[in-house]
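Take a look at the structure set out below.
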Number of protein chains: 2
Amino acid sequence: MKKLEEKILKDGVVKGTEILKVDSFVNHQIDTSLMAEMAEEIARLFDNEKITKVLTIEASGIAFAVEVGRVLGVPAVFAKKSKTSNMSGDSYCTKIKSFTHNTTYDVIVSKPYISASDNVLIVDDFLAVGNALNGLIDIVHQAGAKVAGCGIIIEKGFQKGGDKLREKGVRVESLAIVESMDGDKNEIVFRH
Amino acid sequence: MKKLEEKILKDGVVKGTEILKVDSFVNHQIDTSLMAEMAEEIARLFDNEKITKVLTIEASGIAFAVEVGRVLGVPAVFAKKSKTSNMSGDSYCTKIKSFTHNTTYDVIVSKPYISASDNVLIVDDFLAVGNALNGLIDIVHQAGAKVAGCGIIIEKGFQKGGDKLREKGVRVESLAIVESMDGDKNEIVFRH
């Protein structure tokens, strides 16, 4: 999505060769107009899929999920991070390893909010190695529901999580794919 | 807002006399259509205020903040919960006591995202004793910005946080105010 790439070039901050900060318009301050446009683009890409629910993980995926859900006319669900394993049986639970913080946490979704008849579009702000998406896919499968695909704002292509999912047959649509970046040269190369 | 009150009566779950769960349409699964309508109502109430920014706190305030920001045509900012005090000086920081979890945590907003010229609408999903709102008001004041008011989905009137803020001269608009409730009788009384 050209407008997003231009915004990343203008307002994204690259640190080293792996960190891209988009705090000023995606995940701390949110450019609500751009967020709505990005949601419309993802909704357009999955228009023929008869999506029944959008799923993301707190906190930075919520804004995008709500907008995509609104445009598609379906509910959005956000998985919650839990410090303690939920053993009560009323939730689907999976473990997700945070690439950024090098910790593993439990993620839960209350069972009533995904059912076997759902066709779920999983969305998130970032896709790096793919741990969060794999965890959310696991939750959808636990519910016996179908994963229609994944809609991502920014994919860090060089961290290969998106390509591994595509190789497994999961449809992944990313609005911008960063192929490489270099903070010292202030350079970002997109995949097209 | 009549539609919200009807939704609370239909899908809210009351436990005892203090806990109202709206997980199925506000803060785990989100009814994106209702969320957009609620945002339009808050935007209408603050229409003459020349709001420049919407502020909330992660995670459950984000959906509402993004929708209110979109309708008003301004950015949304969500304050982040931090386990460690931020001493670097690049963020506004305040302490918020969680009424639900009986813990105190640091909440931060990066300085560039609120400036002295901002007229800030603070929004959240719930207002109980008012600790979260007071913390967010403190952050706006640290930035030298103006608090235009607070827009809330559900105020638990019996916990008095909203009335205390109104007594201090803060404009608080809540889409539904629960005056009392009783899980045993399955009864919710709204203030009108």
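Ligands are numbered from 1 in the order shown, chains are lettered A, B, ... in the order of the structure tokens, and residues start at 1 in each chain.
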Find the residues in chain A near chain B: any atom within 7 Å counts, using only C-alpha atoms. Write them as number ranges by chain.
A: 28-33, 58-59, 62-63, 66, 69-70, 73-78, 113
Residues from the last selection, N, CA, C and O atoms, saved as a compact mmCIF listing (two decimals), in the first residue's frame:
# COMPACT_ATOMS: atom_id res chain seq x y z
N HIS A 28 1.16 3.65 19.35
CA HIS A 28 1.17 4.42 20.61
C HIS A 28 0.26 5.62 20.35
O HIS A 28 -0.78 5.77 20.96
N GLN A 29 0.66 6.44 19.37
CA GLN A 29 -0.29 7.36 18.76
C GLN A 29 -0.80 6.69 17.48
O GLN A 29 -0.03 6.02 16.79
N ILE A 30 -2.09 6.82 17.21
CA ILE A 30 -2.68 6.17 16.04
C ILE A 30 -3.22 7.22 15.08
O ILE A 30 -4.04 8.06 15.46
N ASP A 31 -2.76 7.16 13.85
CA ASP A 31 -3.33 7.98 12.77
C ASP A 31 -4.65 7.32 12.39
O ASP A 31 -4.68 6.35 11.62
N THR A 32 -5.76 7.84 12.94
CA THR A 32 -7.04 7.14 12.82
C THR A 32 -7.55 7.13 11.37
O THR A 32 -8.24 6.19 10.97
N SER A 33 -7.20 8.15 10.62
CA SER A 33 -7.62 8.20 9.22
C SER A 33 -6.87 7.14 8.39
O SER A 33 -7.47 6.37 7.63
N GLU A 58 -3.96 -8.41 22.21
CA GLU A 58 -3.73 -7.11 22.82
C GLU A 58 -2.24 -6.81 22.88
O GLU A 58 -1.44 -7.72 22.88
N ALA A 59 -1.80 -5.54 22.92
CA ALA A 59 -2.65 -4.39 22.87
C ALA A 59 -2.59 -3.74 21.48
O ALA A 59 -3.57 -3.19 21.01
N ILE A 62 -5.28 -4.14 18.53
CA ILE A 62 -6.70 -3.86 18.74
C ILE A 62 -7.24 -2.80 17.78
O ILE A 62 -8.32 -2.97 17.19
N ALA A 63 -6.51 -1.72 17.60
CA ALA A 63 -6.99 -0.62 16.75
C ALA A 63 -7.31 -1.13 15.35
O ALA A 63 -8.37 -0.86 14.79
N VAL A 66 -10.38 -3.62 15.24
CA VAL A 66 -11.69 -2.96 15.36
C VAL A 66 -12.08 -2.31 14.04
O VAL A 66 -13.24 -2.40 13.61
N GLY A 69 -12.89 -5.08 11.46
CA GLY A 69 -14.19 -5.65 11.82
C GLY A 69 -15.33 -4.73 11.44
O GLY A 69 -16.36 -5.18 10.91
N ARG A 70 -15.17 -3.44 11.72
CA ARG A 70 -16.20 -2.48 11.37
C ARG A 70 -16.47 -2.45 9.86
O ARG A 70 -17.62 -2.48 9.41
N GLY A 73 -18.12 -5.56 8.83
CA GLY A 73 -19.42 -5.77 9.48
C GLY A 73 -19.47 -7.00 10.36
O GLY A 73 -20.52 -7.65 10.48
N VAL A 74 -18.33 -7.32 11.00
CA VAL A 74 -18.26 -8.49 11.89
C VAL A 74 -17.61 -8.09 13.21
O VAL A 74 -16.94 -7.06 13.29
N PRO A 75 -17.78 -8.90 14.27
CA PRO A 75 -17.14 -8.59 15.55
C PRO A 75 -15.62 -8.75 15.49
O PRO A 75 -15.11 -9.52 14.67
N ALA A 76 -14.94 -8.04 16.35
CA ALA A 76 -13.49 -8.22 16.54
C ALA A 76 -13.27 -8.81 17.93
O ALA A 76 -13.95 -8.44 18.88
N VAL A 77 -12.32 -9.73 18.02
CA VAL A 77 -11.97 -10.35 19.30
C VAL A 77 -10.49 -10.12 19.54
O VAL A 77 -9.69 -10.27 18.63
N PHE A 78 -10.14 -9.68 20.74
CA PHE A 78 -8.71 -9.65 21.02
C PHE A 78 -8.34 -10.66 22.10
O PHE A 78 -8.97 -10.74 23.15
N TYR A 113 -16.39 -16.86 22.19
CA TYR A 113 -16.16 -15.83 21.18
C TYR A 113 -15.54 -16.37 19.89
O TYR A 113 -15.38 -15.60 18.92
Selection: 10 Å around Thr94 (chain A), only C-alpha atoms, excl. self and same-chain fewer than 6 positions, as a list in words:
Ala79, Lys81, Ser85, Asn86, Tyr105, Asp106, Val107, Ile108, Val109, Ala132, Asn134, Gly135, Leu136, Ile137, Asp138, Ile139 and Gln142 of chain A
Keeping only all heavy atoms, take the residues you just selected and write them out as a compact mmCIF listing (two decimals), in the first residue's frame.
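As a result, part_32.txt now contains:
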# COMPACT_ATOMS: atom_id res chain seq x y z
N ALA A 79 -7.31 -11.48 21.77
CA ALA A 79 -6.78 -12.44 22.74
C ALA A 79 -6.08 -11.67 23.84
O ALA A 79 -5.49 -10.61 23.61
CB ALA A 79 -5.80 -13.38 22.04
N LYS A 81 -3.38 -11.39 27.08
CA LYS A 81 -2.17 -11.95 27.67
C LYS A 81 -2.45 -12.23 29.13
O LYS A 81 -3.02 -11.40 29.83
CB LYS A 81 -1.02 -10.96 27.54
CG LYS A 81 -0.61 -10.72 26.09
CD LYS A 81 0.38 -9.58 25.95
CE LYS A 81 0.68 -9.32 24.48
NZ LYS A 81 1.49 -8.10 24.27
N SER A 85 -1.46 -19.47 33.80
CA SER A 85 -2.17 -20.39 32.92
C SER A 85 -3.63 -20.45 33.32
O SER A 85 -3.95 -20.50 34.51
CB SER A 85 -1.57 -21.79 33.02
OG SER A 85 -0.38 -21.84 32.31
N ASN A 86 -4.50 -20.41 32.33
CA ASN A 86 -5.92 -20.50 32.63
C ASN A 86 -6.34 -21.97 32.55
O ASN A 86 -6.36 -22.56 31.48
CB ASN A 86 -6.71 -19.65 31.63
CG ASN A 86 -8.17 -19.63 31.96
OD1 ASN A 86 -8.82 -20.67 32.00
ND2 ASN A 86 -8.70 -18.46 32.22
N TYR A 105 4.53 -16.03 27.12
CA TYR A 105 3.35 -15.75 27.94
C TYR A 105 2.16 -16.54 27.42
O TYR A 105 2.11 -16.95 26.27
CB TYR A 105 3.05 -14.24 27.99
CG TYR A 105 3.05 -13.55 26.66
CD1 TYR A 105 1.89 -13.43 25.92
CD2 TYR A 105 4.23 -13.01 26.13
CE1 TYR A 105 1.88 -12.80 24.69
CE2 TYR A 105 4.25 -12.38 24.90
CZ TYR A 105 3.06 -12.28 24.19
OH TYR A 105 3.06 -11.67 22.97
N ASP A 106 1.21 -16.75 28.33
CA ASP A 106 -0.03 -17.42 27.95
C ASP A 106 -0.99 -16.41 27.35
O ASP A 106 -1.07 -15.27 27.79
CB ASP A 106 -0.67 -18.06 29.18
CG ASP A 106 0.06 -19.32 29.60
OD1 ASP A 106 -0.05 -20.31 28.86
OD2 ASP A 106 0.75 -19.30 30.63
N VAL A 107 -1.71 -16.86 26.34
CA VAL A 107 -2.67 -16.01 25.64
C VAL A 107 -4.01 -16.76 25.64
O VAL A 107 -4.05 -17.95 25.33
CB VAL A 107 -2.19 -15.75 24.20
CG1 VAL A 107 -3.28 -15.12 23.37
CG2 VAL A 107 -0.96 -14.86 24.22
N ILE A 108 -5.07 -16.06 26.01
CA ILE A 108 -6.36 -16.74 26.14
C ILE A 108 -7.47 -16.03 25.37
O ILE A 108 -7.44 -14.81 25.17
CB ILE A 108 -6.79 -16.88 27.63
CG1 ILE A 108 -6.95 -15.50 28.26
CG2 ILE A 108 -5.80 -17.70 28.42
CD1 ILE A 108 -7.60 -15.55 29.63
N VAL A 109 -8.41 -16.84 24.90
CA VAL A 109 -9.65 -16.32 24.30
C VAL A 109 -10.81 -17.10 24.91
O VAL A 109 -10.79 -18.34 24.91
CB VAL A 109 -9.67 -16.49 22.77
CG1 VAL A 109 -11.03 -16.12 22.19
CG2 VAL A 109 -8.57 -15.67 22.10
N ALA A 132 3.33 -14.67 17.21
CA ALA A 132 1.98 -14.26 17.62
C ALA A 132 0.93 -14.86 16.69
O ALA A 132 -0.08 -15.41 17.14
CB ALA A 132 1.88 -12.73 17.62
N ASN A 134 1.16 -17.57 14.81
CA ASN A 134 1.06 -19.01 15.01
C ASN A 134 0.24 -19.34 16.26
O ASN A 134 -0.54 -20.29 16.26
CB ASN A 134 2.46 -19.64 15.10
CG ASN A 134 3.07 -19.84 13.71
OD1 ASN A 134 2.43 -20.40 12.82
ND2 ASN A 134 4.29 -19.37 13.52
N GLY A 135 0.40 -18.54 17.31
CA GLY A 135 -0.39 -18.74 18.52
C GLY A 135 -1.87 -18.50 18.27
O GLY A 135 -2.73 -19.27 18.72
N LEU A 136 -2.19 -17.45 17.52
CA LEU A 136 -3.59 -17.15 17.23
C LEU A 136 -4.19 -18.21 16.31
O LEU A 136 -5.36 -18.59 16.47
CB LEU A 136 -3.71 -15.75 16.61
CG LEU A 136 -3.35 -14.60 17.57
CD1 LEU A 136 -3.35 -13.26 16.83
CD2 LEU A 136 -4.29 -14.54 18.77
N ILE A 137 -3.40 -18.70 15.35
CA ILE A 137 -3.87 -19.79 14.48
C ILE A 137 -4.17 -21.03 15.33
O ILE A 137 -5.19 -21.70 15.13
CB ILE A 137 -2.81 -20.11 13.38
CG1 ILE A 137 -2.75 -18.97 12.35
CG2 ILE A 137 -3.11 -21.45 12.70
CD1 ILE A 137 -1.57 -19.04 11.39
N ASP A 138 -3.31 -21.32 16.29
CA ASP A 138 -3.54 -22.45 17.20
C ASP A 138 -4.87 -22.30 17.92
O ASP A 138 -5.64 -23.26 18.04
CB ASP A 138 -2.37 -22.54 18.20
CG ASP A 138 -2.55 -23.68 19.19
OD1 ASP A 138 -3.03 -24.75 18.78
OD2 ASP A 138 -2.21 -23.50 20.38
N ILE A 139 -5.17 -21.10 18.39
CA ILE A 139 -6.44 -20.86 19.10
C ILE A 139 -7.64 -21.09 18.17
O ILE A 139 -8.63 -21.73 18.55
CB ILE A 139 -6.44 -19.44 19.72
CG1 ILE A 139 -5.62 -19.46 21.01
CG2 ILE A 139 -7.88 -18.95 19.98
CD1 ILE A 139 -5.47 -18.12 21.70
N GLN A 142 -8.04 -24.77 17.78
CA GLN A 142 -8.62 -25.37 18.99
C GLN A 142 -10.15 -25.24 18.97
O GLN A 142 -10.86 -26.11 19.47
CB GLN A 142 -8.08 -24.68 20.25
CG GLN A 142 -6.65 -25.05 20.62
CD GLN A 142 -6.19 -24.33 21.89
OE1 GLN A 142 -6.94 -24.23 22.86
NE2 GLN A 142 -4.98 -23.80 21.87
Every residue of chain B that DSSP places in helix (DSSP H, G or I), as an MDAnalysis selection string
chainID B and resid 2:11 23:27 32:45 47:49 62:72 111:113 131:142 157:159 161:167
If we count only C-alpha atoms and set the cut-off at 10 Å, which residues sit around Ser180 (chain A), ignoring sequence neighbours fewer than 4 positions away in its own chain? Please answer as a PDB file with N, CA and C atoms, in the first residue's frame.
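Final output, saved to result_18.pdb:
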ATOM      1  N   THR A  17      19.385  -2.770  12.128  1.00  0.00           N
ATOM      2  CA  THR A  17      18.872  -3.407  10.917  1.00  0.00           C
ATOM      3  C   THR A  17      17.599  -4.208  11.190  1.00  0.00           C
ATOM      4  N   GLU A  18      17.110  -4.177  12.451  1.00  0.00           N
ATOM      5  CA  GLU A  18      15.946  -5.016  12.779  1.00  0.00           C
ATOM      6  C   GLU A  18      14.765  -4.277  13.392  1.00  0.00           C
ATOM      7  N   LYS A 156       7.960  -7.647   8.523  1.00  0.00           N
ATOM      8  CA  LYS A 156       9.411  -7.549   8.381  1.00  0.00           C
ATOM      9  C   LYS A 156       9.856  -8.800   7.626  1.00  0.00           C
ATOM     10  N   GLY A 157       9.933  -8.655   6.301  1.00  0.00           N
ATOM     11  CA  GLY A 157      10.152  -9.799   5.415  1.00  0.00           C
ATOM     12  C   GLY A 157      11.414 -10.565   5.733  1.00  0.00           C
ATOM     13  N   PHE A 158      12.442  -9.848   6.181  1.00  0.00           N
ATOM     14  CA  PHE A 158      13.746 -10.468   6.447  1.00  0.00           C
ATOM     15  C   PHE A 158      13.714 -11.375   7.676  1.00  0.00           C
ATOM     16  N   GLN A 159      12.629 -11.309   8.467  1.00  0.00           N
ATOM     17  CA  GLN A 159      12.542 -12.203   9.627  1.00  0.00           C
ATOM     18  C   GLN A 159      11.739 -13.466   9.312  1.00  0.00           C
ATOM     19  N   GLU A 187      17.859   3.913   5.664  1.00  0.00           N
ATOM     20  CA  GLU A 187      17.383   3.276   4.448  1.00  0.00           C
ATOM     21  C   GLU A 187      16.361   2.190   4.763  1.00  0.00           C
ATOM     22  N   ILE A 188      15.241   2.200   4.034  1.00  0.00           N
ATOM     23  CA  ILE A 188      14.257   1.107   4.127  1.00  0.00           C
ATOM     24  C   ILE A 188      13.937   0.640   2.708  1.00  0.00           C
ATOM     25  N   VAL A 189      14.082  -0.677   2.475  1.00  0.00           N
ATOM     26  CA  VAL A 189      13.761  -1.238   1.154  1.00  0.00           C
ATOM     27  C   VAL A 189      12.507  -2.104   1.290  1.00  0.00           C
ATOM     28  N   PHE A 190      11.487  -1.802   0.476  1.00  0.00           N
ATOM     29  CA  PHE A 190      10.247  -2.589   0.502  1.00  0.00           C
ATOM     30  C   PHE A 190      10.262  -3.685  -0.547  1.00  0.00           C
ATOM     31  N   ARG A 191       9.562  -4.793  -0.263  1.00  0.00           N
ATOM     32  CA  ARG A 191       9.360  -5.865  -1.242  1.00  0.00           C
ATOM     33  C   ARG A 191       8.118  -5.529  -2.068  1.00  0.00           C
TER      34      ARG A 191
END
Do you know which residues are at most 9 Å from Glu5 (chain A) counting only C-alpha atoms, after dropping those on the same chain fewer than 4 positions away, and could you put them as a VMD selection string?
chain A and resid 1 9 to 10 175 to 177 190
With only C-alpha atoms as the counted atoms, please give the residues lying no more than 9 Å from Gly16 (chain A), apart from itself and same-chain residues fewer than 5 positions off, as a compact mmCIF listing (two decimals) with all heavy atoms, in the first residue's frame.
# COMPACT_ATOMS: atom_id res chain seq x y z
N MET A 181 16.46 -3.06 6.05
CA MET A 181 16.56 -1.68 6.51
C MET A 181 17.89 -1.46 7.21
O MET A 181 18.54 -2.41 7.65
CB MET A 181 15.38 -1.31 7.41
CG MET A 181 15.07 -2.27 8.52
SD MET A 181 13.51 -1.82 9.33
CE MET A 181 13.70 -2.85 10.81
N ASP A 182 18.28 -0.22 7.28
CA ASP A 182 19.57 0.13 7.87
C ASP A 182 19.46 1.52 8.49
O ASP A 182 19.36 2.52 7.78
CB ASP A 182 20.65 0.10 6.78
CG ASP A 182 22.04 0.25 7.37
OD1 ASP A 182 22.17 0.91 8.43
OD2 ASP A 182 23.00 -0.30 6.79
N GLY A 183 19.46 1.54 9.84
CA GLY A 183 19.30 2.80 10.55
C GLY A 183 20.44 3.77 10.29
O GLY A 183 20.22 4.99 10.22
N ASP A 184 21.67 3.25 10.14
CA ASP A 184 22.81 4.13 9.92
C ASP A 184 22.70 4.88 8.60
O ASP A 184 23.02 6.06 8.51
CB ASP A 184 24.12 3.32 9.93
CG ASP A 184 24.40 2.74 11.32
OD1 ASP A 184 23.88 3.32 12.31
OD2 ASP A 184 25.11 1.73 11.41
Step one, run DSSP on the backbone; step two, keep only residues of region 43-189 of chain B assigned to strand (DSSP E); then write them as a tab-separated table (two decimals) with C-alpha atoms, in the first residue's frame.
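Written out: result-v4.tsv:
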chain	number	residue	atom	x	y	z
B	53	LYS	CA	-6.51	14.45	20.36
B	54	VAL	CA	-8.18	11.45	22.02
B	55	LEU	CA	-6.34	9.79	24.93
B	56	THR	CA	-7.02	6.44	26.58
B	57	ILE	CA	-5.14	3.68	28.39
B	76	ALA	CA	-5.84	8.65	19.21
B	77	VAL	CA	-3.10	8.02	21.78
B	78	PHE	CA	-3.05	5.15	24.22
B	79	ALA	CA	-1.05	5.38	27.44
B	80	LYS	CA	1.06	2.30	28.07
B	81	LYS	CA	1.32	0.33	31.28
B	82	SER	CA	4.94	-0.03	32.31
B	91	SER	CA	7.77	10.26	28.55
B	92	TYR	CA	5.09	11.65	30.82
B	93	CYS	CA	4.56	9.19	33.65
B	94	THR	CA	1.93	8.76	36.33
B	95	LYS	CA	0.88	6.07	38.79
B	96	ILE	CA	-2.54	4.45	38.56
B	97	LYS	CA	-4.01	2.17	41.20
B	98	SER	CA	-6.05	-0.67	39.78
B	103	THR	CA	-2.02	-3.03	42.38
B	104	THR	CA	-0.36	0.23	41.35
B	105	TYR	CA	1.34	0.53	38.00
B	106	ASP	CA	3.21	3.19	36.07
B	107	VAL	CA	1.55	4.57	32.97
B	108	ILE	CA	3.51	6.43	30.31
B	109	VAL	CA	2.88	8.56	27.24
B	110	SER	CA	5.75	9.61	24.97
B	119	ASN	CA	-7.30	19.98	23.66
B	120	VAL	CA	-7.63	16.38	24.83
B	121	LEU	CA	-10.72	14.20	25.07
B	122	ILE	CA	-10.01	11.34	27.48
B	123	VAL	CA	-12.03	8.18	26.83
B	124	ASP	CA	-12.33	4.77	28.44
B	125	ASP	CA	-14.63	1.78	28.49
B	126	PHE	CA	-15.36	1.93	32.24
B	127	LEU	CA	-15.42	4.59	34.94
B	146	LYS	CA	-6.19	21.17	28.18
B	147	VAL	CA	-8.64	18.44	29.22
B	148	ALA	CA	-11.80	18.99	27.18
B	149	GLY	CA	-13.58	16.28	29.13
B	150	CYS	CA	-14.04	12.56	29.51
B	151	GLY	CA	-16.13	10.24	27.33
B	152	ILE	CA	-17.04	6.93	28.94
B	153	ILE	CA	-18.95	3.89	27.71
B	154	ILE	CA	-20.17	2.61	31.11
B	155	GLU	CA	-19.99	4.55	34.37
B	156	LYS	CA	-20.59	2.68	37.59
B	172	VAL	CA	-17.80	13.71	32.12
B	173	GLU	CA	-20.18	12.20	29.56
B	174	SER	CA	-21.08	8.55	30.06
B	175	LEU	CA	-23.19	6.65	27.54
B	176	ALA	CA	-24.70	4.52	30.31
B	177	ILE	CA	-24.59	5.15	34.06
B	178	VAL	CA	-25.35	2.17	36.28
B	179	GLU	CA	-26.91	3.46	39.50
B	180	SER	CA	-27.15	0.05	41.14
B	181	MET	CA	-27.11	-3.61	40.27
B	182	ASP	CA	-27.76	-6.94	41.86
B	187	GLU	CA	-31.27	-6.37	38.15
B	188	ILE	CA	-29.54	-3.30	36.70
B	189	VAL	CA	-30.85	0.22	37.41
Quick one: residues within 7 Å of Lys21 (chain A), only C-alpha atoms, excluding same-chain residues fewer than 4 positions away - as number ranges by chain?
A: 12-14
Let's have the selection written as a short mmCIF file (atom, residue, chain, number, x, y, z; two decimals), in the first residue's frame, with C-alpha atoms.
data_model
loop_
_atom_site.label_atom_id
_atom_site.label_comp_id
_atom_site.auth_asym_id
_atom_site.auth_seq_id
_atom_site.Cartn_x
_atom_site.Cartn_y
_atom_site.Cartn_z
CA GLY A 12 9.07 5.50 10.87
CA VAL A 13 12.29 5.36 12.90
CA VAL A 14 14.81 2.64 12.02
#
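If you look at CA of Asp90 (chain A) and CA of Lys185 (chain B), they are 24.4 Å away from each other.
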Do you have the CA of Gly161 (chain A)-CA of Ile19 (chain A) distance handy?
15.3 Å
